[in-house]
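*Asks:* After the structure tokens below, expect a handful of questions from me.
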Amino acid sequence: MADLSTTYMGLALRNPLIVASSSLTKTVEGVRRCADAGAGAVVLKSLFEEQILADLHGDEIDAKFAWHPEALDYVQRMGLEFGPQSYLKLIGEAKRAVSIPVIASLHCVSPGLWTNYVRKIADAGADAIELNISVMLSDPRRDTGHVEKIYTDTVESVAKLAPIPVAVKIGPYFTSVARMASDLWMRGARGLVLFNRFYQFDIDIDKMALSPGHRLSSPQEIALPLRWISLLSGKVKCDFSASTGVHDAAGAAKLILVGATTVQLCSTLYENGIARITAIRDDLERLMEKHSFASIDQMRGKLSQSRSERPELYERLQYIKALVGMD
Ligand SMILES: Cc1cc2nc3c(=O)[nH]c(=O)nc-3n(C[C@H](O)[C@H](O)[C@H](O)COP(=O)(O)O)c2cc1C
């Protein structure tokens with residue numbers, strides 16, 4: 001039997017399948033169901049920075065703090081029902097309920113706010129922290145250095161305080177994802193989650209108005225983490241956790257082959273139910289046996305750029321020949 005165990009930021013996981021931060025992991029019952037279905041670890045639903053601010057500033061949530069309309073809406077609707085205190089309670093109860101690692105998730109957009117809270121998260125029993133950092137870069141007057149500094153300063157301020165490993169979940173919208181990844185590692189990130197899939201909007205032509213886009217990903221979207229993890233896994237020393245587009249064992253295997261330590265599941269669990277974790281785990285084991293991989297370690301990075309004899313293939317951007325015959 002193939003050995004599916006792996007380590008992620010020093011944590012021992014029975015397999016590389018992590019349930020991504022989402023409503024699936026916002027209750028103890030949800031976390032227990034994920035563990036029972038065979039998940040290697042879970043990332044709890046994010047606590048939004050605005051929720052901490054709301055806690056600090058009473059009921060008044062100043063819109064200037066809320067860079068994220070989604071978070072403002074969330075906080076206003078939920079109040080402090082799911083605030084900092086109940087989040088610590090969730091961590092503690094989840095840890096007692098399951099034996100797999102439980103990773104807390106903080107959504108932040110500014111450094112320095114988490115000072116007291118980070119230690120409390122560790123004291124509550126979280127095995128690691130995932131920082132979900134997302135700054136919308138829509139203002140042409142804001143220079144890239146300023147925005148990137150928000151990321152690196154935030155990571156540094158949390159990593160310095162945290163007695164547990166810190167992973168950072170980012171989106172793909174950087175001039176240099178490679179440089180950003182390296183900077184985040186240098187400033188204390190032990191894991192990089194590539195990538196967050198942001199809320200997307202669409203246009204309702206009949207109503208001539210904005211409408212929600214596809215909430216869930218498609219398997220094709222794995223192309224983005226596949227490319228970046230293949231390019232970075234041999235160059236930046238942290239662990240890589242793949243997120244976006246992992247819907248089956250083949251997708252998970254591809255990402256491990258290019259260097260991911262773990263893969264995160266979300267949309268497929270919404271579509272197919274939590275039992276999908278068991279199916280993907282069993283399929284992954286079969287796939288490894290079929291290709292004679294005795295362990296995840298043996299498989300990891302085999303097809304990464306740094307181990308390839310044709311590294312230039314990983315950096316190809318233009319179609320050229322591939323388009324011949326399609327014109
Ligand atoms: C309903 C829903 C809620 C989510 N909530 C969070 C969240 O609180 N924090 C976070 O970091 N990501 C959140 N995500 C993003 C997922 O963790 C994941 O990164 C994304 O869905 C891409 O993975 P997938 O292709 O497997 O769905 C959420 C996604 C969905 C669909």
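Following the order of the structure tokens, chains are lettered A, B, ..., residues in each are numbered from 1, and ligands are numbered from 1.
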Residues within 9 Å of ligand 1 should be enumerated using only C-alpha atoms and all ligand atoms and returned as a PyMOL selection string.

*Replies:* chain A and resi 19-24+26+43-48+105-107+130-133+169-170+193-199+215-219+221-222+242-247+263-270

*Asks:* Give me the residues within 10 Å of A:Asp248 as a ChimeraX atom specification, counting only C-alpha atoms and dropping any in the same chain fewer than 6 places off.

*Replies:* /A:219,265,268,276-277,279-281,283-284

*Asks:* Would you mind exporting the chosen residues as a PDB file, in the first residue's frame, restricted to N, CA, C and O atoms?

*Replies:*
ATOM      1  N   PRO A 219     -12.424  22.211 -12.763  1.00  0.00           N
ATOM      2  CA  PRO A 219     -11.142  21.498 -12.720  1.00  0.00           C
ATOM      3  C   PRO A 219     -10.065  22.163 -13.584  1.00  0.00           C
ATOM      4  O   PRO A 219      -8.879  22.047 -13.290  1.00  0.00           O
ATOM      5  N   LEU A 265      -8.988  21.192  -0.782  1.00  0.00           N
ATOM      6  CA  LEU A 265     -10.249  20.885  -1.470  1.00  0.00           C
ATOM      7  C   LEU A 265     -11.350  21.814  -0.974  1.00  0.00           C
ATOM      8  O   LEU A 265     -11.482  22.039   0.223  1.00  0.00           O
ATOM      9  N   THR A 268     -15.166  21.087  -4.903  1.00  0.00           N
ATOM     10  CA  THR A 268     -15.627  19.712  -5.162  1.00  0.00           C
ATOM     11  C   THR A 268     -16.414  19.158  -3.972  1.00  0.00           C
ATOM     12  O   THR A 268     -17.316  18.328  -4.139  1.00  0.00           O
ATOM     13  N   ARG A 276     -16.604  12.967  -0.686  1.00  0.00           N
ATOM     14  CA  ARG A 276     -15.675  13.096  -1.816  1.00  0.00           C
ATOM     15  C   ARG A 276     -14.217  13.009  -1.332  1.00  0.00           C
ATOM     16  O   ARG A 276     -13.341  12.572  -2.078  1.00  0.00           O
ATOM     17  N   ILE A 277     -13.967  13.415  -0.101  1.00  0.00           N
ATOM     18  CA  ILE A 277     -12.593  13.348   0.432  1.00  0.00           C
ATOM     19  C   ILE A 277     -12.122  11.885   0.420  1.00  0.00           C
ATOM     20  O   ILE A 277     -11.013  11.580  -0.007  1.00  0.00           O
ATOM     21  N   ALA A 279     -13.196   9.438  -1.413  1.00  0.00           N
ATOM     22  CA  ALA A 279     -13.022   8.947  -2.794  1.00  0.00           C
ATOM     23  C   ALA A 279     -11.706   9.447  -3.374  1.00  0.00           C
ATOM     24  O   ALA A 279     -10.957   8.676  -4.008  1.00  0.00           O
ATOM     25  N   ILE A 280     -11.407  10.725  -3.149  1.00  0.00           N
ATOM     26  CA  ILE A 280     -10.161  11.281  -3.707  1.00  0.00           C
ATOM     27  C   ILE A 280      -8.951  10.625  -3.051  1.00  0.00           C
ATOM     28  O   ILE A 280      -7.977  10.278  -3.717  1.00  0.00           O
ATOM     29  N   ARG A 281      -9.047  10.420  -1.741  1.00  0.00           N
ATOM     30  CA  ARG A 281      -7.910   9.770  -1.051  1.00  0.00           C
ATOM     31  C   ARG A 281      -7.680   8.356  -1.605  1.00  0.00           C
ATOM     32  O   ARG A 281      -6.557   7.974  -1.937  1.00  0.00           O
ATOM     33  N   ASP A 283      -8.647   7.108  -4.499  1.00  0.00           N
ATOM     34  CA  ASP A 283      -8.189   7.187  -5.902  1.00  0.00           C
ATOM     35  C   ASP A 283      -6.711   7.583  -5.973  1.00  0.00           C
ATOM     36  O   ASP A 283      -5.968   7.091  -6.826  1.00  0.00           O
ATOM     37  N   LEU A 284      -6.304   8.476  -5.085  1.00  0.00           N
ATOM     38  CA  LEU A 284      -4.905   8.907  -5.079  1.00  0.00           C
ATOM     39  C   LEU A 284      -3.994   7.731  -4.733  1.00  0.00           C
ATOM     40  O   LEU A 284      -2.948   7.532  -5.348  1.00  0.00           O
TER      41      LEU A 284
END

*Asks:* From a DSSP pass on the backbone, collect the residues of stretch 162-243 of chain A flagged as alpha helix (DSSP H) and hand them back as a ChimeraX atom specification.

*Replies:* /A:177-186,223-232

*Asks:* Got time to write the residues from that selection, N, CA and C atoms, as a tab-separated table (two decimals), in the first residue's frame?

*Replies:*
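Here's the written file selection.tsv:
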chain	number	residue	atom	x	y	z
A	177	VAL	N	4.98	36.98	-9.03
A	177	VAL	CA	4.55	36.02	-7.99
A	177	VAL	C	5.79	35.40	-7.35
A	178	ALA	N	6.82	35.17	-8.18
A	178	ALA	CA	8.04	34.51	-7.69
A	178	ALA	C	8.72	35.36	-6.62
A	179	ARG	N	8.86	36.64	-6.89
A	179	ARG	CA	9.52	37.52	-5.93
A	179	ARG	C	8.68	37.64	-4.64
A	180	MET	N	7.38	37.73	-4.85
A	180	MET	CA	6.48	37.84	-3.69
A	180	MET	C	6.61	36.59	-2.81
A	181	ALA	N	6.61	35.43	-3.45
A	181	ALA	CA	6.73	34.16	-2.71
A	181	ALA	C	8.04	34.14	-1.92
A	182	SER	N	9.11	34.55	-2.58
A	182	SER	CA	10.41	34.54	-1.92
A	182	SER	C	10.43	35.53	-0.75
A	183	ASP	N	9.87	36.73	-0.96
A	183	ASP	CA	9.82	37.73	0.11
A	183	ASP	C	9.00	37.22	1.30
A	184	LEU	N	7.89	36.57	1.01
A	184	LEU	CA	7.04	36.08	2.10
A	184	LEU	C	7.77	35.01	2.92
A	185	TRP	N	8.49	34.16	2.21
A	185	TRP	CA	9.30	33.13	2.89
A	185	TRP	C	10.36	33.78	3.76
A	186	MET	N	11.05	34.79	3.20
A	186	MET	CA	12.11	35.47	3.95
A	186	MET	C	11.55	36.18	5.20
A	223	ALA	N	-4.80	24.89	-13.57
A	223	ALA	CA	-3.65	25.30	-14.39
A	223	ALA	C	-2.81	26.38	-13.70
A	224	LEU	N	-3.47	27.27	-12.99
A	224	LEU	CA	-2.74	28.39	-12.36
A	224	LEU	C	-1.84	27.91	-11.20
A	225	PRO	N	-2.38	27.20	-10.20
A	225	PRO	CA	-1.46	26.69	-9.17
A	225	PRO	C	-0.44	25.70	-9.73
A	226	LEU	N	-0.84	24.95	-10.75
A	226	LEU	CA	0.08	23.97	-11.35
A	226	LEU	C	1.32	24.68	-11.90
A	227	ARG	N	1.09	25.74	-12.63
A	227	ARG	CA	2.22	26.48	-13.21
A	227	ARG	C	3.11	27.05	-12.11
A	228	TRP	N	2.51	27.73	-11.15
A	228	TRP	CA	3.33	28.46	-10.18
A	228	TRP	C	4.01	27.54	-9.19
A	229	ILE	N	3.36	26.48	-8.81
A	229	ILE	CA	4.03	25.56	-7.87
A	229	ILE	C	5.16	24.83	-8.61
A	230	SER	N	4.93	24.52	-9.89
A	230	SER	CA	6.00	23.87	-10.66
A	230	SER	C	7.23	24.77	-10.77
A	231	LEU	N	7.01	26.07	-10.90
A	231	LEU	CA	8.12	27.01	-11.05
A	231	LEU	C	8.82	27.30	-9.73
A	232	LEU	N	8.05	27.33	-8.64
A	232	LEU	CA	8.62	27.84	-7.38
A	232	LEU	C	9.06	26.76	-6.40

*Asks:* So how many Å separate atom CA of A:Gly188 and atom CA of A:Ala159, to one decimal?

*Replies:* 5.4 Å

*Asks:* Please identify every residue of stretch 144-261 of chain A that has at least one atom no farther than 7 Å from an atom of stretch 302-306 of chain A, counting only C-alpha atoms, and for each give the shortest atom pair and the distance in Å to one decimal, arranged by chain then increasing number, as a Markdown table.

*Replies:*
| residue | atom | partner | partner_atom | distance |
| --- | --- | --- | --- | --- |
| A:Ser230 | CA | A:Ser304 | CA | 4.5 |
| A:Leu231 | CA | A:Gln305 | CA | 5.5 |
| A:Ser233 | CA | A:Ser304 | CA | 7.0 |
| A:Gly234 | CA | A:Ser306 | CA | 5.4 |
| A:Leu257 | CA | A:Leu303 | CA | 5.2 |
| A:Val258 | CA | A:Ser304 | CA | 4.1 |
| A:Gly259 | CA | A:Ser304 | CA | 5.9 |

*Asks:* Measuring between only C-alpha atoms, which one of A:Lys237, A:Pro101, A:Thr154, A:Gly92 shows the shortest distance to A:Ala39?

*Replies:*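 Using only C-alpha atoms, the shortest distance to A:Ala39 belongs to A:Pro101.
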
*Asks:* Which residues come within 10 Å of stretch 113-124 of chain A, counting only C-alpha atoms, excluding same-chain residues fewer than 6 positions away, as an MDAnalysis selection string?

*Replies:* chainID A and resid 49 52:53 84:85 87:95 103:106 154 157:165
